[in-house]
>>> print(open('model_33.cif').read())   # mmCIF, C-alpha atoms
data_run
#
loop_
_atom_site.group_PDB
_atom_site.id
_atom_site.type_symbol
_atom_site.label_atom_id
_atom_site.label_comp_id
_atom_site.auth_asym_id
_atom_site.auth_seq_id
_atom_site.Cartn_x
_atom_site.Cartn_y
_atom_site.Cartn_z
ATOM 1 C CA MET C 1 319.160 20.278 -28.175
ATOM 2 C CA THR C 2 319.194 16.586 -27.375
ATOM 3 C CA ASP C 3 316.733 14.796 -25.130
ATOM 4 C CA ALA C 4 319.446 12.418 -23.919
ATOM 5 C CA HIS C 5 320.680 12.480 -20.342
ATOM 6 C CA LEU C 6 323.698 14.702 -19.836
ATOM 7 C CA ARG C 7 325.354 12.405 -17.333
ATOM 8 C CA ALA C 8 324.808 9.259 -15.330
ATOM 9 C CA ARG C 9 324.620 8.823 -11.605
ATOM 10 C CA GLY C 10 327.877 7.608 -10.064
ATOM 11 C CA ASP C 11 327.831 5.222 -7.145
ATOM 12 C CA GLY C 12 330.960 6.630 -5.565
ATOM 13 C CA ASP C 13 331.713 3.844 -3.106
ATOM 14 C CA GLY C 14 331.684 1.077 -5.706
ATOM 15 C CA SER C 15 328.860 -0.801 -3.975
ATOM 16 C CA LYS C 16 326.229 -2.570 -6.032
ATOM 17 C CA ARG C 17 322.837 -0.930 -5.923
ATOM 18 C CA ASP C 18 319.451 -2.237 -6.913
ATOM 19 C CA LEU C 19 318.929 -0.311 -10.147
ATOM 20 C CA THR C 20 315.256 -1.143 -10.576
ATOM 21 C CA TYR C 21 312.782 1.666 -10.096
ATOM 22 C CA PRO C 22 310.339 1.211 -7.193
ATOM 23 C CA PRO C 23 306.677 0.464 -7.995
ATOM 24 C CA LEU C 24 304.168 3.247 -8.437
ATOM 25 C CA PRO C 25 302.791 4.401 -5.063
ATOM 26 C CA GLN C 26 299.126 4.999 -4.393
ATOM 27 C CA ALA C 27 298.097 8.202 -6.142
ATOM 28 C CA LEU C 28 297.529 11.365 -4.146
ATOM 29 C CA VAL C 29 293.968 12.629 -3.912
ATOM 30 C CA VAL C 30 295.178 16.250 -3.922
ATOM 31 C CA PRO C 31 297.993 16.881 -6.423
ATOM 32 C CA VAL C 32 301.311 18.429 -5.488
ATOM 33 C CA TYR C 33 304.648 19.439 -7.082
ATOM 34 C CA ASP C 34 308.204 18.140 -6.917
ATOM 35 C CA ASN C 35 310.081 21.421 -6.505
ATOM 36 C CA HIS C 36 313.595 20.033 -7.039
ATOM 37 C CA THR C 37 314.609 17.244 -9.405
ATOM 38 C CA HIS C 38 317.418 16.386 -11.835
ATOM 39 C CA MET C 39 315.941 14.538 -14.790
ATOM 40 C CA GLU C 40 319.105 15.098 -16.836
ATOM 41 C CA ILE C 41 320.894 12.462 -14.733
ATOM 42 C CA ALA C 42 320.465 8.871 -15.905
ATOM 43 C CA ASP C 43 319.906 6.250 -13.227
ATOM 44 C CA GLY C 44 318.536 2.738 -13.264
ATOM 45 C CA GLY C 45 321.105 1.243 -15.639
ATOM 46 C CA ASP C 46 319.532 0.143 -18.918
ATOM 47 C CA GLY C 47 316.140 1.068 -17.475
ATOM 48 C CA ALA C 48 316.902 4.781 -17.114
ATOM 49 C CA LEU C 49 313.819 6.941 -17.697
ATOM 50 C CA ASP C 50 313.877 9.980 -19.958
ATOM 51 C CA TYR C 51 312.145 13.170 -18.837
ATOM 52 C CA ARG C 52 308.854 12.325 -20.572
ATOM 53 C CA GLU C 53 308.657 8.960 -18.819
ATOM 54 C CA HIS C 54 309.440 10.629 -15.487
ATOM 55 C CA LEU C 55 306.673 13.163 -16.017
ATOM 56 C CA ASP C 56 304.104 10.637 -17.218
ATOM 57 C CA ARG C 57 304.668 8.443 -14.166
ATOM 58 C CA ALA C 58 304.507 11.493 -11.917
ATOM 59 C CA SER C 59 301.250 12.669 -13.496
ATOM 60 C CA SER C 60 299.693 9.251 -12.923
ATOM 61 C CA VAL C 61 300.132 9.506 -9.126
ATOM 62 C CA GLY C 62 299.155 13.144 -8.587
ATOM 63 C CA VAL C 63 302.453 14.988 -9.074
ATOM 64 C CA ARG C 64 301.294 17.694 -11.461
ATOM 65 C CA GLY C 65 304.644 19.384 -12.167
ATOM 66 C CA VAL C 66 308.331 19.623 -11.337
ATOM 67 C CA VAL C 67 311.098 22.171 -11.075
ATOM 68 C CA GLN C 68 314.022 20.832 -13.118
ATOM 69 C CA VAL C 69 317.255 22.121 -11.577
ATOM 70 C CA GLY C 70 320.593 22.867 -13.243
ATOM 71 C CA THR C 71 323.951 22.557 -11.520
ATOM 72 C CA ASP C 72 326.264 23.963 -14.203
ATOM 73 C CA LEU C 73 325.858 25.888 -17.435
ATOM 74 C CA ALA C 74 325.177 22.796 -19.571
ATOM 75 C CA THR C 75 322.529 21.328 -17.256
ATOM 76 C CA SER C 76 320.995 24.767 -16.743
ATOM 77 C CA GLU C 77 320.651 25.220 -20.498
ATOM 78 C CA TRP C 78 319.099 21.731 -20.727
ATOM 79 C CA SER C 79 316.682 22.541 -17.903
ATOM 80 C CA ALA C 80 315.597 25.815 -19.496
ATOM 81 C CA ALA C 81 315.101 24.141 -22.877
ATOM 82 C CA ILE C 82 312.944 21.352 -21.432
ATOM 83 C CA ALA C 83 310.845 23.870 -19.497
ATOM 84 C CA ALA C 84 310.334 25.917 -22.650
ATOM 85 C CA ARG C 85 308.557 23.015 -24.366
ATOM 86 C CA GLU C 86 307.041 20.932 -21.547
ATOM 87 C CA PRO C 87 304.105 22.419 -19.605
ATOM 88 C CA ARG C 88 304.764 20.233 -16.563
ATOM 89 C CA VAL C 89 308.277 21.646 -16.103
ATOM 90 C CA LEU C 90 309.668 24.905 -14.771
ATOM 91 C CA ALA C 91 313.419 25.473 -14.576
ATOM 92 C CA ALA C 92 315.984 26.592 -12.025
ATOM 93 C CA VAL C 93 319.444 27.555 -13.297
ATOM 94 C CA ALA C 94 322.754 27.959 -11.463
ATOM 95 C CA LEU C 95 326.313 26.861 -10.900
ATOM 96 C CA HIS C 96 326.487 24.376 -8.033
ATOM 97 C CA PRO C 97 328.777 25.618 -5.245
ATOM 98 C CA ASN C 98 331.225 22.790 -5.924
ATOM 99 C CA GLU C 99 331.530 23.989 -9.528
ATOM 100 C CA ALA C 100 332.611 27.496 -8.498
ATOM 101 C CA PRO C 101 336.203 26.732 -7.347
ATOM 102 C CA VAL C 102 336.823 24.616 -10.459
ATOM 103 C CA LEU C 103 335.567 27.335 -12.790
ATOM 104 C CA HIS C 104 337.526 29.958 -10.864
ATOM 105 C CA ASP C 105 340.740 27.984 -11.277
ATOM 106 C CA GLN C 106 340.032 27.657 -15.009
ATOM 107 C CA GLY C 107 339.347 31.382 -15.344
ATOM 108 C CA LEU C 108 335.773 30.650 -16.455
ATOM 109 C CA LEU C 109 333.661 31.639 -13.460
ATOM 110 C CA ASP C 110 332.617 35.060 -14.766
ATOM 111 C CA GLU C 111 331.785 33.666 -18.207
ATOM 112 C CA HIS C 112 329.586 30.932 -16.762
ATOM 113 C CA LEU C 113 327.884 33.328 -14.353
ATOM 114 C CA ALA C 114 327.035 35.501 -17.352
ATOM 115 C CA GLY C 115 325.490 32.435 -18.985
ATOM 116 C CA ILE C 116 323.315 31.837 -15.937
ATOM 117 C CA GLU C 117 322.177 35.467 -15.992
ATOM 118 C CA ARG C 118 321.237 35.111 -19.659
ATOM 119 C CA LEU C 119 319.091 32.077 -18.862
ATOM 120 C CA ALA C 120 317.491 33.885 -15.900
ATOM 121 C CA ALA C 121 315.661 36.165 -18.334
ATOM 122 C CA LEU C 122 313.717 33.279 -19.924
ATOM 123 C CA PRO C 123 310.027 33.201 -18.955
ATOM 124 C CA ARG C 124 309.837 29.598 -17.724
ATOM 125 C CA VAL C 125 313.014 29.911 -15.659
ATOM 126 C CA ARG C 126 311.571 30.660 -12.218
ATOM 127 C CA ALA C 127 314.484 30.158 -9.829
ATOM 128 C CA ILE C 128 318.216 30.634 -9.450
ATOM 129 C CA GLY C 129 319.632 27.451 -8.008
ATOM 130 C CA GLU C 130 320.957 25.333 -6.833
ATOM 131 C CA THR C 131 323.495 27.705 -5.348
ATOM 132 C CA GLY C 132 324.875 28.164 -1.871
ATOM 133 C CA LEU C 133 327.797 26.688 0.036
ATOM 134 C CA ASP C 134 329.156 23.169 0.379
ATOM 135 C CA PHE C 135 331.921 22.731 2.939
ATOM 136 C CA PHE C 136 331.677 18.931 2.758
ATOM 137 C CA ARG C 137 333.344 18.563 -0.645
ATOM 138 C CA THR C 138 335.187 21.885 -0.927
ATOM 139 C CA GLY C 139 338.082 22.734 1.360
ATOM 140 C CA GLU C 140 339.257 26.069 2.718
ATOM 141 C CA ASP C 141 341.086 26.964 -0.508
ATOM 142 C CA GLY C 142 337.844 26.911 -2.535
ATOM 143 C CA ARG C 143 335.555 28.757 -0.158
ATOM 144 C CA ASP C 144 336.223 32.268 -1.424
ATOM 145 C CA ALA C 145 335.155 31.234 -4.940
ATOM 146 C CA GLN C 146 332.039 29.551 -3.541
ATOM 147 C CA ILE C 147 331.075 32.650 -1.588
ATOM 148 C CA ARG C 148 331.641 34.953 -4.554
ATOM 149 C CA SER C 149 329.556 32.701 -6.798
ATOM 150 C CA PHE C 150 326.816 32.514 -4.161
ATOM 151 C CA GLU C 151 326.702 36.292 -3.849
ATOM 152 C CA GLU C 152 326.409 36.676 -7.631
ATOM 153 C CA HIS C 153 323.560 34.184 -7.774
ATOM 154 C CA ILE C 154 321.765 36.127 -5.053
ATOM 155 C CA ARG C 155 322.189 39.302 -7.089
ATOM 156 C CA ILE C 156 320.832 37.615 -10.234
ATOM 157 C CA ALA C 157 317.817 36.242 -8.357
ATOM 158 C CA LYS C 158 316.942 39.651 -6.939
ATOM 159 C CA GLU C 159 317.474 41.534 -10.195
ATOM 160 C CA HIS C 160 315.247 39.099 -12.092
ATOM 161 C CA ASP C 161 312.711 38.717 -9.253
ATOM 162 C CA LEU C 162 313.232 34.960 -9.075
ATOM 163 C CA ALA C 163 313.248 32.496 -6.212
ATOM 164 C CA LEU C 164 316.619 31.414 -4.822
ATOM 165 C CA THR C 165 317.279 27.696 -4.293
ATOM 166 C CA ILE C 166 319.881 27.054 -1.598
ATOM 167 C CA HIS C 167 322.302 24.127 -1.463
ATOM 168 C CA ASP C 168 323.599 24.005 2.113
ATOM 169 C CA ARG C 169 325.893 21.173 3.121
ATOM 170 C CA ASP C 170 327.881 21.434 6.347
ATOM 171 C CA ALA C 171 327.662 25.217 5.989
ATOM 172 C CA HIS C 172 324.529 26.361 7.840
ATOM 173 C CA ASP C 173 326.105 29.299 9.654
ATOM 174 C CA ALA C 174 328.029 30.537 6.615
ATOM 175 C CA VAL C 175 324.960 30.338 4.355
ATOM 176 C CA VAL C 176 322.904 32.360 6.826
ATOM 177 C CA GLU C 177 325.728 34.907 7.215
ATOM 178 C CA VAL C 178 325.895 35.510 3.458
ATOM 179 C CA LEU C 179 322.119 35.762 3.101
ATOM 180 C CA ASP C 180 321.886 38.220 6.006
ATOM 181 C CA ARG C 181 324.842 40.299 4.820
ATOM 182 C CA VAL C 182 323.905 40.508 1.139
ATOM 183 C CA GLY C 183 320.147 40.404 1.630
ATOM 184 C CA ALA C 184 318.133 37.313 0.767
ATOM 185 C CA PRO C 185 315.640 37.369 -2.107
ATOM 186 C CA GLU C 186 312.003 37.574 -1.088
ATOM 187 C CA LYS C 187 311.547 33.878 -1.922
ATOM 188 C CA THR C 188 314.466 31.840 -0.584
ATOM 189 C CA VAL C 189 314.212 28.044 -0.449
ATOM 190 C CA PHE C 190 316.493 25.737 1.522
ATOM 191 C CA HIS C 191 316.468 22.722 -0.787
ATOM 192 C CA CYS C 192 316.792 19.286 0.793
ATOM 193 C CA PHE C 193 316.567 20.920 4.191
ATOM 194 C CA SER C 194 319.333 19.354 6.275
ATOM 195 C CA GLY C 195 319.314 21.387 9.471
ATOM 196 C CA GLY C 196 317.651 20.654 12.763
ATOM 197 C CA PRO C 197 314.953 22.510 14.663
ATOM 198 C CA ASP C 198 317.251 25.467 15.441
ATOM 199 C CA LEU C 199 317.820 26.191 11.736
ATOM 200 C CA ALA C 200 314.108 25.669 11.093
ATOM 201 C CA ARG C 201 313.273 28.314 13.687
ATOM 202 C CA LEU C 202 315.808 30.700 12.142
ATOM 203 C CA CYS C 203 314.332 30.144 8.673
ATOM 204 C CA ALA C 204 310.861 30.736 10.077
ATOM 205 C CA GLU C 205 311.936 34.043 11.597
ATOM 206 C CA ARG C 206 313.232 35.228 8.205
ATOM 207 C CA GLY C 207 310.394 33.803 6.138
ATOM 208 C CA TRP C 208 312.622 31.349 4.282
ATOM 209 C CA PHE C 209 311.050 28.230 2.803
ATOM 210 C CA MET C 210 312.128 24.713 3.770
ATOM 211 C CA SER C 211 311.903 21.897 1.238
ATOM 212 C CA PHE C 212 312.008 18.355 2.590
ATOM 213 C CA ALA C 213 313.265 15.380 0.571
ATOM 214 C CA GLY C 214 313.213 11.619 1.053
ATOM 215 C CA THR C 215 315.771 12.001 3.838
ATOM 216 C CA VAL C 216 312.935 12.978 6.191
ATOM 217 C CA THR C 217 311.724 9.358 5.955
ATOM 218 C CA PHE C 218 315.060 7.814 6.967
ATOM 219 C CA LYS C 219 315.140 5.949 10.269
ATOM 220 C CA ASN C 220 318.119 7.978 11.552
ATOM 221 C CA ALA C 221 316.628 11.365 10.601
ATOM 222 C CA GLU C 222 314.679 12.271 13.745
ATOM 223 C CA ASN C 223 316.435 15.658 13.714
ATOM 224 C CA LEU C 224 314.834 16.400 10.335
ATOM 225 C CA ARG C 225 311.419 15.283 11.531
ATOM 226 C CA GLU C 226 311.749 17.565 14.540
ATOM 227 C CA ALA C 227 312.646 20.422 12.177
ATOM 228 C CA LEU C 228 309.523 19.611 10.131
ATOM 229 C CA ARG C 229 307.388 19.810 13.261
ATOM 230 C CA VAL C 230 308.895 23.207 14.110
ATOM 231 C CA ALA C 231 308.575 24.678 10.590
ATOM 232 C CA PRO C 232 305.473 26.815 9.972
ATOM 233 C CA ARG C 233 303.226 24.893 7.607
ATOM 234 C CA HIS C 234 303.113 27.735 5.060
ATOM 235 C CA LEU C 235 306.916 27.586 4.651
ATOM 236 C CA VAL C 236 307.098 23.835 3.961
ATOM 237 C CA MET C 237 307.628 22.305 0.502
ATOM 238 C CA ILE C 238 308.541 18.873 -0.831
ATOM 239 C CA GLU C 239 311.040 17.508 -3.333
ATOM 240 C CA THR C 240 312.804 14.374 -4.514
ATOM 241 C CA ASP C 241 316.289 15.626 -5.494
ATOM 242 C CA ALA C 242 315.979 12.656 -7.856
ATOM 243 C CA PRO C 243 317.739 10.461 -8.714
ATOM 244 C CA PHE C 244 319.158 10.764 -5.194
ATOM 245 C CA LEU C 245 317.645 10.430 -1.694
ATOM 246 C CA THR C 246 314.991 7.830 -2.464
ATOM 247 C CA PRO C 247 312.546 7.589 0.442
ATOM 248 C CA THR C 248 312.195 4.611 2.757
ATOM 249 C CA PRO C 249 311.466 1.738 2.100
ATOM 250 C CA PHE C 250 313.273 2.047 -1.255
ATOM 251 C CA ARG C 251 316.395 3.854 -0.065
ATOM 252 C CA GLY C 252 319.317 3.261 -2.437
ATOM 253 C CA ARG C 253 317.200 2.523 -5.502
ATOM 254 C CA PRO C 254 316.674 5.140 -8.260
ATOM 255 C CA ASN C 255 314.543 8.078 -7.180
ATOM 256 C CA ALA C 256 312.031 9.852 -9.400
ATOM 257 C CA PRO C 257 309.307 12.509 -9.129
ATOM 258 C CA TYR C 258 306.582 9.829 -9.031
ATOM 259 C CA LEU C 259 307.795 8.805 -5.565
ATOM 260 C CA ILE C 260 306.749 12.140 -3.996
ATOM 261 C CA PRO C 261 303.564 10.557 -2.513
ATOM 262 C CA ILE C 262 305.697 8.326 -0.260
ATOM 263 C CA THR C 263 307.539 11.276 1.241
ATOM 264 C CA LEU C 264 304.384 13.363 1.522
ATOM 265 C CA ARG C 265 302.490 10.667 3.426
ATOM 266 C CA SER C 266 305.463 10.204 5.752
ATOM 267 C CA MET C 267 305.539 13.954 6.394
ATOM 268 C CA ALA C 268 301.805 13.965 7.100
ATOM 269 C CA ASP C 269 302.276 11.150 9.620
ATOM 270 C CA THR C 270 305.078 13.096 11.313
ATOM 271 C CA LEU C 271 302.845 16.149 11.568
ATOM 272 C CA GLY C 272 299.750 14.206 12.612
ATOM 273 C CA THR C 273 297.733 15.664 9.767
ATOM 274 C CA ASP C 274 295.776 14.465 6.751
ATOM 275 C CA ALA C 275 297.872 13.871 3.617
ATOM 276 C CA SER C 276 295.389 15.715 1.403
ATOM 277 C CA MET C 277 295.407 18.772 3.648
ATOM 278 C CA LEU C 278 299.211 18.809 3.647
ATOM 279 C CA ALA C 279 299.319 18.363 -0.137
ATOM 280 C CA ALA C 280 296.935 21.293 -0.638
ATOM 281 C CA GLN C 281 299.062 23.533 1.574
ATOM 282 C CA ILE C 282 302.317 22.516 -0.123
ATOM 283 C CA ALA C 283 300.857 22.946 -3.610
ATOM 284 C CA SER C 284 299.675 26.452 -2.737
ATOM 285 C CA THR C 285 303.059 27.365 -1.269
ATOM 286 C CA THR C 286 304.926 25.980 -4.279
ATOM 287 C CA GLU C 287 302.839 28.059 -6.678
ATOM 288 C CA LEU C 288 303.442 31.113 -4.491
ATOM 289 C CA VAL C 289 307.203 30.607 -4.754
ATOM 290 C CA TYR C 290 307.518 29.721 -8.449
ATOM 291 C CA GLY C 291 304.314 31.006 -10.006
ATOM 292 C CA ALA C 292 301.796 28.993 -11.989
ATOM 293 C CA TRP C 293 303.102 26.277 -14.277
ATOM 294 C CA ASP C 294 300.752 27.480 -17.034
ATOM 295 C CA ALA C 295 301.459 31.206 -16.662
ATOM 296 C CA GLU C 296 303.765 31.210 -19.711
ATOM 297 C CA PRO C 297 303.112 29.232 -22.896
ATOM 298 C CA VAL C 298 305.427 26.476 -24.025
ATOM 299 C CA THR C 299 306.870 26.234 -27.521
ATOM 300 C CA VAL C 300 305.808 23.545 -29.954
ATOM 301 C CA ASP C 301 308.261 20.662 -30.016
ATOM 302 C CA GLU C 302 309.061 20.104 -33.696
#
>>> encode(input="model_33.cif", output="structure tokens")
Amino acid sequence: MTDAHLRARGDGDGSKRDLTYPPLPQALVVPVYDNHTHMEIADGGDGALDYREHLDRASSVGVRGVVQVGTDLATSEWSAAIAAREPRVLAAVALHPNEAPVLHDQGLLDEHLAGIERLAALPRVRAIGETGLDFFRTGEDGRDAQIRSFEEHIRIAKEHDLALTIHDRDAHDAVVEVLDRVGAPEKTVFHCFSGGPDLARLCAERGWFMSFAGTVTFKNAENLREALRVAPRHLVMIETDAPFLTPTPFRGRPNAPYLIPITLRSMADTLGTDASMLAAQIASTTELVYGAWDAEPVTVDE
């Protein structure tokens, strides 16, 4: 297995971004976890950080571990392999909902789902995700494949007693319908929570976890901040979704796990609470969802 990035971040709109990484923030007094990151994606141009550099910077500011998340079979295999040898990493494995229609059309969906189930049995794989529904990028003709893939990921999570990491973009009602109809795993996490207070209340009623990313710091994201205020504190987690969604004031620049303290302090301000108290609560919740980072030994990296 190679340590190299599997792909690079695309800018999409062709605009020029500042590719320099933001400075290190003030370290947290109470450490916390980044429960959703993509270290396999290179960002920052020639200054792209490899996973060890990401983790070392994170450790220096009080981010004690990350969940490295796959979005297809190749990135899921990479995530599981890194987790197997790095004590600061646990893995989540899945086919992203936008991958499902493509794989279906190629006749490969079942084969790749079987690969995800194989990885789910590994001891440092602690979640199935990111899976769910994305009606922003996938049209009507691909929704059946997305739903079928989502249902299979739910089955895998329940059969292996793993957390489920939800990708939900422009599909709140449909995601909830599938979870209610099929039966959500005991530990279900809405990654990069994007709903408002109504969805937060619904998640609270069902005991689903809500993970907030750098978007909660954006000036135009009052709806997210209101959802954070509504969410029960014991169901709240934090993430970067790096290299995307860099928090204010560095929006647009490369994101990384070491920037978690910026988002956490912003969340604490929104909630009118102490950052250390919030960090302690989030760390406890994160360990409840994924288990302890040191519960399974890592292999020696030859």
>>> residues_around(input="model_33.cif", residues="Thr138 in chain C", least_positions_apart="4", cutoff="10 Å", atoms="all atoms listed in the file", output="PyMOL selection string")
chain C and resi 97-101+133-134+142-143+146
>>> resolve_selection(input="model_33.cif", expression="the PyMOL selection byres ((chain C and resi 6) around 10)", output="ChimeraX atom specification")
/C:2-5,7-8,39-42,74-75,78
>>> closest_residue(input="model_33.cif", among="C:Arg169, C:Ile154, C:Arg52, C:Ser211", to="Arg181 in chain C", atoms="all atoms listed in the file")
C:Ile154
>>> closest_residue(input="model_33.cif", among="C:Arg265, C:Arg229, C:Arg148, C:His172", to="Phe136 in chain C", atoms="all atoms listed in the file")
C:His172
>>> residues_around(input="model_33.cif", residues="Gly214 in chain C", least_positions_apart="4", cutoff="8 Å", atoms="all atoms listed in the file", output="MDAnalysis selection string")
chainID C and resid 218 239:240 245:248 263
>>> write_last_selection(input="model_33.cif", atoms="C-alpha atoms", output="compact mmCIF listing (two decimals), in the coordinates of the input")
# COMPACT_ATOMS: atom_id res chain seq x y z
CA PHE C 218 315.06 7.81 6.97
CA GLU C 239 311.04 17.51 -3.33
CA THR C 240 312.80 14.37 -4.51
CA LEU C 245 317.64 10.43 -1.69
CA THR C 246 314.99 7.83 -2.46
CA PRO C 247 312.55 7.59 0.44
CA THR C 248 312.20 4.61 2.76
CA THR C 263 307.54 11.28 1.24
>>> closest_residue(input="model_33.cif", among="C:Thr37, C:Ser276, C:Thr217, C:Gln281", to="Val89 in chain C", atoms="only C-alpha atoms")
C:Thr37
>>> residues_around(input="model_33.cif", residues="Gly129 in chain C", least_positions_apart="2", cutoff="10 Å", atoms="only C-alpha atoms", output="number ranges by chain")
C: 36, 69-72, 76, 91-97, 116, 126-127, 131-132, 150, 153-154, 157, 162-167, 189, 191
>>> residues_around(input="model_33.cif", residues="range 231-234 of chain C", least_positions_apart="2", cutoff="12 Å", atoms="all atoms listed in the file", output="tab-separated table (two decimals) with C-alpha atoms, in the frame of the given file")
chain	number	residue	atom	x	y	z
C	193	PHE	CA	316.57	20.92	4.19
C	195	GLY	CA	319.31	21.39	9.47
C	196	GLY	CA	317.65	20.65	12.76
C	197	PRO	CA	314.95	22.51	14.66
C	198	ASP	CA	317.25	25.47	15.44
C	199	LEU	CA	317.82	26.19	11.74
C	200	ALA	CA	314.11	25.67	11.09
C	201	ARG	CA	313.27	28.31	13.69
C	202	LEU	CA	315.81	30.70	12.14
C	203	CYS	CA	314.33	30.14	8.67
C	204	ALA	CA	310.86	30.74	10.08
C	205	GLU	CA	311.94	34.04	11.60
C	206	ARG	CA	313.23	35.23	8.20
C	207	GLY	CA	310.39	33.80	6.14
C	208	TRP	CA	312.62	31.35	4.28
C	209	PHE	CA	311.05	28.23	2.80
C	210	MET	CA	312.13	24.71	3.77
C	211	SER	CA	311.90	21.90	1.24
C	212	PHE	CA	312.01	18.36	2.59
C	224	LEU	CA	314.83	16.40	10.34
C	225	ARG	CA	311.42	15.28	11.53
C	226	GLU	CA	311.75	17.57	14.54
C	227	ALA	CA	312.65	20.42	12.18
C	228	LEU	CA	309.52	19.61	10.13
C	229	ARG	CA	307.39	19.81	13.26
C	236	VAL	CA	307.10	23.84	3.96
C	237	MET	CA	307.63	22.30	0.50
C	238	ILE	CA	308.54	18.87	-0.83
C	267	MET	CA	305.54	13.95	6.39
C	268	ALA	CA	301.80	13.96	7.10
C	271	LEU	CA	302.85	16.15	11.57
C	273	THR	CA	297.73	15.66	9.77
C	277	MET	CA	295.41	18.77	3.65
C	278	LEU	CA	299.21	18.81	3.65
C	279	ALA	CA	299.32	18.36	-0.14
C	280	ALA	CA	296.94	21.29	-0.64
C	281	GLN	CA	299.06	23.53	1.57
C	282	ILE	CA	302.32	22.52	-0.12
C	283	ALA	CA	300.86	22.95	-3.61
C	284	SER	CA	299.68	26.45	-2.74
C	285	THR	CA	303.06	27.36	-1.27
C	286	THR	CA	304.93	25.98	-4.28
C	287	GLU	CA	302.84	28.06	-6.68
C	288	LEU	CA	303.44	31.11	-4.49
C	289	VAL	CA	307.20	30.61	-4.75
>>> closest_residue(input="model_33.cif", among="C:Trp293, C:Glu130, C:Ala184, C:Leu264", to="Arg85 in chain C", atoms="all atoms listed in the file")
C:Trp293
>>> closest_residue(input="model_33.cif", among="C:Ser194, C:Asp274, C:Ile82, C:Leu259", to="Val61 in chain C", atoms="all atoms listed in the file")
C:Leu259
>>> closest_residue(input="model_33.cif", among="C:Ala145, C:Ala242, C:Val29, C:Pro23", to="Val102 in chain C", atoms="all atoms listed in the file")
C:Ala145
>>> resolve_selection(input="model_33.cif", expression="the PyMOL selection byres ((chain C and resi 19) around 10)", output="ChimeraX atom specification")
/C:16-18,20-22,43-48,252-255
>>> atom_distance(input="model_33.cif", atom1="CA of Asp34 in chain C", atom2="CA of Val66 in chain C")
4.7 Å
>>> atom_distance(input="model_33.cif", atom1="CA of Gly107 in chain C", atom2="CA of Leu73 in chain C")
14.7 Å
>>> atom_distance(input="model_33.cif", atom1="CA of Asp105 in chain C", atom2="CA of Glu159 in chain C")
26.9 Å
>>> axis_aligned_box(input="model_33.cif", around="range 63-71 of chain C", padding_each_side="6 Å", output="AutoDock Vina command-line options")
--center_x 312.6 --center_y 18.9 --center_z -11.2 --size_x 34.7 --size_y 19.9 --size_z 16.2
